[in-house]
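S.K.: Have a look at this one before I ask anything.
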Amino acid sequence: MNELRFDGRSVIVTGAGRGIGRCHALLLALRGARVVVADLGGELNGSGSSTDPANQVVEEIRAAGGEAVACHASVADPSGAASIVEAALDSFGRLDVVVNNAGIADPDWFEDISLERFERMVAVHYLGSVYVLKAAWPHLQAAGYGRIVNTCSEAAIGIVPKATSYGGAKGGALGLTKCLAVDGTRCGIQVNAVVPRANTRLSAPSVLAHTYDVPEDNFDDTMVHFPPELVSPAAVYLAHESCRLNGEMLVAGGGHVVRLAIVESKGIAGEHLTPEDIHAKLDTVMDITDGQVMQAEVLRSS
């Protein structure tokens, strides 16, 4: 098939200064997109800032013949998020795609995480996406077209320890993706999510060692097979006009792409079910052998 191109398209990638976001921005630019490289340049836990990461990616794109501008605003600030959208409109005159990738990590046991640390995580991973999309939505809506790619995580479904702040915030991103996909059907906007499996600052051996309470070298051999650039093909596909998916999550990394879905089992039924009925038939309730993927009716045609 022909290469999926983005010629003439204007794209925002947040958290694009390093890791997965950088790879998204480079691949989109390589395929003709004009890219806003948005990155605060902060530390892993969200503190601090630097203009260097975003500027360096812009230089890489321009050196390869592409078009890009940097924006150093924080997605966790509504005015900063709005300035990212304005950068696309001022520089390229339009906005077609938003890739919400900005993220931070601060793993710890629930009892050891302060409320401030919870709030910081929600501000970046959930509200940061909301703020950018609230600024972008009117322009996409007016154009009758848009592709939104949010970044979710398997941590949101409870398979990672010390992830109540991160996984909880990513759960918000998951819900936002699903619900916004329904709203977007009215105006030609499709909303999906990529779920990365990659070796980045957020999942470096030192971070994973702290998360799982094991030595760092336990992860040295594994993570080499999950470079961040292997996530980007899925994100770029979801961002393309030919993508027919809506409200979906694609797990990508290590040379694999798989669907992550919410499944409903057949379960049990009865007019007067008791707690004892559920106890006696729990295996049937939990069996998803013939389960169905849960989707809004409006999404089924996609």
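Going through the structure tokens in order, the chains are called A, B, and so on, while each chain numbers its residues from 1 and the ligands are numbered from 1 in the order shown.
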I need the residues of range 111-265 of chain A that end up classed as strand (DSSP E or B) by DSSP on the backbone, written out as a ChimeraX atom specification.

M.R.: /A:146-151,189-196,249-253,256-260,263-264

S.K.: With only C-alpha atoms as the counted atoms, please give the residues lying no more than 8 Å from Thr284 in chain A, apart from itself and same-chain residues fewer than 5 positions off, as a list in words.

M.R.: Lys266, Gly267 and Ile268 of chain A

S.K.: Using only C-alpha atoms, pick whichever of A:Val122, A:Val130, A:Ala239, A:Ala70 has the shortest atom-to-atom distance to Ser91 in chain A.

M.R.: A:Ala70

S.K.: Pick out the residues sitting within 6 Å of range 65-69 of chain A, and hand them over as a ChimeraX atom specification; count only C-alpha atoms, and ignore anything fewer than 6 positions along from it in its own chain.

M.R.: /A:29,34-36,58

S.K.: Go ahead and dump the residues you just picked, N, CA and C atoms, as a PDB file, in the first residue's frame.

M.R.:
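To be explicit, this is the file written out as result-v1.pdb:
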ATOM      1  N   ALA A  29       7.009  13.989  11.278  1.00  0.00           N
ATOM      2  CA  ALA A  29       7.673  14.966  10.413  1.00  0.00           C
ATOM      3  C   ALA A  29       8.257  14.303   9.179  1.00  0.00           C
ATOM      4  N   ARG A  34       3.679  18.928   9.742  1.00  0.00           N
ATOM      5  CA  ARG A  34       4.278  20.099  10.357  1.00  0.00           C
ATOM      6  C   ARG A  34       3.991  19.982  11.853  1.00  0.00           C
ATOM      7  N   VAL A  35       5.029  19.965  12.657  1.00  0.00           N
ATOM      8  CA  VAL A  35       4.904  19.511  14.043  1.00  0.00           C
ATOM      9  C   VAL A  35       5.202  20.612  15.050  1.00  0.00           C
ATOM     10  N   VAL A  36       4.299  20.748  16.024  1.00  0.00           N
ATOM     11  CA  VAL A  36       4.590  21.536  17.220  1.00  0.00           C
ATOM     12  C   VAL A  36       5.205  20.586  18.243  1.00  0.00           C
ATOM     13  N   VAL A  58      13.312  19.961  17.425  1.00  0.00           N
ATOM     14  CA  VAL A  58      13.004  20.849  16.294  1.00  0.00           C
ATOM     15  C   VAL A  58      14.199  20.939  15.350  1.00  0.00           C
TER      16      VAL A  58
END

S.K.: Tell me, which residues of range 78-279 of chain A carry DSSP helix (DSSP H, G or I), written as a VMD selection string?

M.R.: chain A and resid 78 to 92 110 to 112 115 to 125 127 to 143 154 to 157 164 to 184 201 to 203 205 to 212 216 to 223 228 to 230 232 to 239 275 to 279

S.K.: Counting only C-alpha atoms, which residue out of A:Gly175, A:Gly80, A:Gly46, A:Pro205 sits closest to Glu248 in chain A?

M.R.: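 Counting only C-alpha atoms, the residue closest to Glu248 in chain A is A:Gly175.
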
S.K.: I'd like the neighbourhood of Gly168 in chain A as a list in words, where a residue qualifies if any of its atoms comes within 12 Å (using only C-alpha atoms), though same-chain residues fewer than 6 positions away should be ignored.

M.R.: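 The contact residues come out as Pro107, Phe110, Phe118, Glu119, Arg120, Met121, Val122, Ala123, Val124, His125, Tyr126, Cys152, Ser153, Glu154, Ala155, Ala156, Ile157, Gly158, Ile159, Val160, Pro161, Lys162, Leu174 and Gly175 of chain A.
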
S.K.: Keeping N, CA and C atoms, export the residues of the selection given above as a PDB file, in the first residue's frame.

M.R.:
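Final output, part_35.pdb:
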ATOM      1  N   PRO A 107       6.803   6.741  41.252  1.00  0.00           N
ATOM      2  CA  PRO A 107       6.220   5.545  41.874  1.00  0.00           C
ATOM      3  C   PRO A 107       6.505   5.446  43.368  1.00  0.00           C
ATOM      4  N   PHE A 110       1.092   3.510  48.152  1.00  0.00           N
ATOM      5  CA  PHE A 110      -0.016   4.438  48.360  1.00  0.00           C
ATOM      6  C   PHE A 110       0.157   5.257  49.641  1.00  0.00           C
ATOM      7  N   PHE A 118      -0.068  13.201  44.267  1.00  0.00           N
ATOM      8  CA  PHE A 118      -1.218  12.729  43.501  1.00  0.00           C
ATOM      9  C   PHE A 118      -1.725  13.828  42.569  1.00  0.00           C
ATOM     10  N   GLU A 119      -1.843  15.025  43.105  1.00  0.00           N
ATOM     11  CA  GLU A 119      -2.368  16.141  42.316  1.00  0.00           C
ATOM     12  C   GLU A 119      -1.459  16.456  41.129  1.00  0.00           C
ATOM     13  N   ARG A 120      -0.154  16.382  41.333  1.00  0.00           N
ATOM     14  CA  ARG A 120       0.789  16.651  40.245  1.00  0.00           C
ATOM     15  C   ARG A 120       0.622  15.623  39.129  1.00  0.00           C
ATOM     16  N   MET A 121       0.421  14.355  39.504  1.00  0.00           N
ATOM     17  CA  MET A 121       0.267  13.309  38.499  1.00  0.00           C
ATOM     18  C   MET A 121      -1.012  13.506  37.688  1.00  0.00           C
ATOM     19  N   VAL A 122      -2.109  13.804  38.381  1.00  0.00           N
ATOM     20  CA  VAL A 122      -3.383  14.049  37.698  1.00  0.00           C
ATOM     21  C   VAL A 122      -3.286  15.288  36.813  1.00  0.00           C
ATOM     22  N   ALA A 123      -2.585  16.318  37.292  1.00  0.00           N
ATOM     23  CA  ALA A 123      -2.463  17.564  36.537  1.00  0.00           C
ATOM     24  C   ALA A 123      -1.783  17.354  35.188  1.00  0.00           C
ATOM     25  N   VAL A 124      -0.823  16.451  35.134  1.00  0.00           N
ATOM     26  CA  VAL A 124      -0.098  16.209  33.879  1.00  0.00           C
ATOM     27  C   VAL A 124      -0.814  15.193  33.005  1.00  0.00           C
ATOM     28  N   HIS A 125      -1.084  14.019  33.558  1.00  0.00           N
ATOM     29  CA  HIS A 125      -1.568  12.914  32.728  1.00  0.00           C
ATOM     30  C   HIS A 125      -3.034  13.043  32.330  1.00  0.00           C
ATOM     31  N   TYR A 126      -3.858  13.541  33.240  1.00  0.00           N
ATOM     32  CA  TYR A 126      -5.283  13.660  32.917  1.00  0.00           C
ATOM     33  C   TYR A 126      -5.654  15.099  32.541  1.00  0.00           C
ATOM     34  N   CYS A 152      -2.265   6.147  27.087  1.00  0.00           N
ATOM     35  CA  CYS A 152      -2.748   5.432  28.263  1.00  0.00           C
ATOM     36  C   CYS A 152      -1.652   4.487  28.768  1.00  0.00           C
ATOM     37  N   SER A 153      -1.975   3.682  29.755  1.00  0.00           N
ATOM     38  CA  SER A 153      -0.976   2.782  30.328  1.00  0.00           C
ATOM     39  C   SER A 153      -1.654   1.556  30.909  1.00  0.00           C
ATOM     40  N   GLU A 154      -0.953   0.431  30.816  1.00  0.00           N
ATOM     41  CA  GLU A 154      -1.452  -0.784  31.446  1.00  0.00           C
ATOM     42  C   GLU A 154      -1.465  -0.664  32.968  1.00  0.00           C
ATOM     43  N   ALA A 155      -0.752   0.320  33.497  1.00  0.00           N
ATOM     44  CA  ALA A 155      -0.789   0.558  34.941  1.00  0.00           C
ATOM     45  C   ALA A 155      -2.191   0.910  35.412  1.00  0.00           C
ATOM     46  N   ALA A 156      -3.002   1.457  34.510  1.00  0.00           N
ATOM     47  CA  ALA A 156      -4.358   1.870  34.876  1.00  0.00           C
ATOM     48  C   ALA A 156      -5.262   0.689  35.205  1.00  0.00           C
ATOM     49  N   ILE A 157      -4.901  -0.505  34.766  1.00  0.00           N
ATOM     50  CA  ILE A 157      -5.758  -1.663  35.031  1.00  0.00           C
ATOM     51  C   ILE A 157      -5.229  -2.497  36.198  1.00  0.00           C
ATOM     52  N   GLY A 158      -4.257  -1.947  36.936  1.00  0.00           N
ATOM     53  CA  GLY A 158      -3.847  -2.556  38.187  1.00  0.00           C
ATOM     54  C   GLY A 158      -2.897  -3.723  38.086  1.00  0.00           C
ATOM     55  N   ILE A 159      -1.925  -3.655  37.170  1.00  0.00           N
ATOM     56  CA  ILE A 159      -0.971  -4.761  37.041  1.00  0.00           C
ATOM     57  C   ILE A 159       0.448  -4.333  37.404  1.00  0.00           C
ATOM     58  N   VAL A 160       0.582  -3.119  37.943  1.00  0.00           N
ATOM     59  CA  VAL A 160       1.890  -2.590  38.311  1.00  0.00           C
ATOM     60  C   VAL A 160       1.836  -2.120  39.760  1.00  0.00           C
ATOM     61  N   PRO A 161       2.798  -2.514  40.597  1.00  0.00           N
ATOM     62  CA  PRO A 161       2.817  -2.014  41.983  1.00  0.00           C
ATOM     63  C   PRO A 161       3.265  -0.560  42.055  1.00  0.00           C
ATOM     64  N   LYS A 162       2.994   0.071  43.174  1.00  0.00           N
ATOM     65  CA  LYS A 162       3.401   1.462  43.442  1.00  0.00           C
ATOM     66  C   LYS A 162       2.900   2.420  42.362  1.00  0.00           C
ATOM     67  N   LEU A 174      -7.701   7.095  30.156  1.00  0.00           N
ATOM     68  CA  LEU A 174      -8.448   6.020  29.490  1.00  0.00           C
ATOM     69  C   LEU A 174      -9.919   6.405  29.368  1.00  0.00           C
ATOM     70  N   GLY A 175     -10.515   6.858  30.479  1.00  0.00           N
ATOM     71  CA  GLY A 175     -11.917   7.260  30.445  1.00  0.00           C
ATOM     72  C   GLY A 175     -12.148   8.432  29.510  1.00  0.00           C
TER      73      GLY A 175
END

S.K.: For Pro196 in chain A, which residue out of A:Ile61, A:Leu176, A:Leu260, A:Leu133 is the nearest one, using only C-alpha atoms?

M.R.: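 Counting only C-alpha atoms, the residue closest to Pro196 in chain A is A:Leu260.
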
S.K.: Please indicate the distance in Å from CA of Ser114 in chain A to CA of Asn45 in chain A, rounded to one decimal place.

M.R.: 13.1 Å
